[in-house]
Amino acid sequence: MKTVYTRPKSLKDAPYHYCPGCGHSIVHRLICELVDEMDLRGRIICIPPAGCAVLAYNYFDFDTCESAHGRGCAIATGFKRARPDKLIFTYQGDGDMAAIGTAETLHAANRGERITSIFINNAVYGMTGGQMAPTTMVGQKTSTSPYGRRTEIEGYPLKITDLIATLPGAAYVTRTSLATPAKIRETKRSIKKAFEVQMAGIGYSLVEILSPCPTNWKVTPRESFTYLEEIMEKEYPIGVMKDITAKKEG
């Protein structure tokens, strides 16, 4: 029988610690597939976050350097300036990028740092108990917003990807989803494009990925993908927000 699907060489043979239905494992595989396909294993460096993906180095069989919470883009900037020949990417959650790391992220993007950010948005703080995050949607219930997010008290969701798309240093900014197999394949293409933008030295690139969190959403893994597509994608529409390479190609 012909083998058509195998474990990427860049993905360690280690059991995931993630909850059933979590999107991190899907994105980890997509990244490792691209590292193999693009022959990046010897030149790529990942900056993992605090949060659920803090142990990403247990799964990625290439160089990683853990950062303090929210400082991913600052660490990545230092790496890229010291080793411009390397492909540097941050892997961050909504709290890491859109809360404690807001300043580092926005300023790195505005400076046009030649780095890439993979931003996992599941609208809650996953690791610490499902508290309300900057990305929690209006009306969404969490452990710290049991009656749903109220704009008069907690304000509105922070759509940091939309903000970054307005900055002159941002070259490629897109939002994707893991809701269906077709959207997962599109997510992989988007990550590849972000890496290519960095390799071309064009500017900062960002891929926001809407990801399920069944444990903290209090739904089954199957239900979480329906919620992702029918609820989250309405609040966070998927698609390319900025691509300056398209102008050059046109």
# chains A, B, ... in the order shown; residues from 1 in each chain; ligands from 1
$ closest_atom_pairs --of "range 82-150 of chain A" --to "range 30-49 of chain A" --cutoff "9 Å" --atoms "only C-alpha atoms" --output "tab-separated table"
residue	atom	partner	partner_atom	distance
A:Asp85	CA	A:Arg43	CA	7.5
A:Lys86	CA	A:Arg43	CA	5.0
A:Leu87	CA	A:Ile44	CA	4.6
A:Ile88	CA	A:Ile45	CA	5.0
A:Phe89	CA	A:Cys46	CA	5.1
A:Thr90	CA	A:Ile47	CA	4.6
A:Tyr91	CA	A:Pro48	CA	5.1
A:Gln92	CA	A:Pro49	CA	5.3
A:Gly93	CA	A:Pro49	CA	7.2
A:Asp96	CA	A:Pro49	CA	6.6
A:Met97	CA	A:Pro49	CA	9.0
$ write_last_selection --atoms "C-alpha atoms" --output "PDB file, in the first residue's frame"
ATOM      1  CA  ASP A  85      19.892  35.004   7.439  1.00  0.00           C
ATOM      2  CA  LYS A  86      17.493  33.111   9.718  1.00  0.00           C
ATOM      3  CA  LEU A  87      13.708  32.876   9.373  1.00  0.00           C
ATOM      4  CA  ILE A  88      12.265  33.993  12.700  1.00  0.00           C
ATOM      5  CA  PHE A  89       8.650  33.552  13.732  1.00  0.00           C
ATOM      6  CA  THR A  90       6.674  34.097  16.910  1.00  0.00           C
ATOM      7  CA  TYR A  91       3.901  31.733  17.923  1.00  0.00           C
ATOM      8  CA  GLN A  92       1.461  33.625  20.150  1.00  0.00           C
ATOM      9  CA  GLY A  93      -1.983  33.409  21.703  1.00  0.00           C
ATOM     10  CA  ASP A  96       0.275  36.990  24.631  1.00  0.00           C
ATOM     11  CA  MET A  97      -0.210  39.149  21.522  1.00  0.00           C
TER      12      MET A  97
END
$ residues_around --residues "Ser205 in chain A" --least-positions-apart "5" --cutoff "6 Å" --atoms "only C-alpha atoms" --output "number ranges by chain"
A: 116, 171-173, 194
$ write_last_selection --atoms "C-alpha atoms" --output "CSV table (one decimal), in the first residue's frame"
chain,number,residue,atom,x,y,z
A,116,THR,CA,6.5,36.6,11.1
A,171,ALA,CA,3.6,43.8,4.5
A,172,TYR,CA,1.3,40.8,4.7
A,173,VAL,CA,-1.6,40.5,7.2
A,194,ALA,CA,4.0,34.9,5.4
$ residues_around --residues "range 144-157 of chain A" --least-positions-apart "2" --cutoff "10 Å" --atoms "only C-alpha atoms" --output "ChimeraX atom specification"
/A:98,123,129-142,159-160,235-236
$ closest_residue --among "A:Ile118, A:Cys52, A:Ile209, A:Val4" --to "Phe195 in chain A" --atoms "only C-alpha atoms"
A:Ile118
$ select_by_dssp --residues "range 18-160 of chain A" --states "alpha helix (DSSP H)" --output "ChimeraX atom specification"
/A:24-37,72-82,94-98,102-111,151-154,160
$ closest_residue --among "A:Cys19, A:Ala76, A:Leu206, A:Cys213" --to "Thr187 in chain A" --atoms "only C-alpha atoms"
A:Leu206
$ select_by_dssp --residues "range 40-161 of chain A" --states "strand (DSSP E)" --output "JSON, numbers by chain"
{"A": [44, 45, 46, 47, 63, 64, 87, 88, 89, 90, 91, 92, 93, 116, 117, 118, 119, 120, 121, 124, 125, 131, 132]}
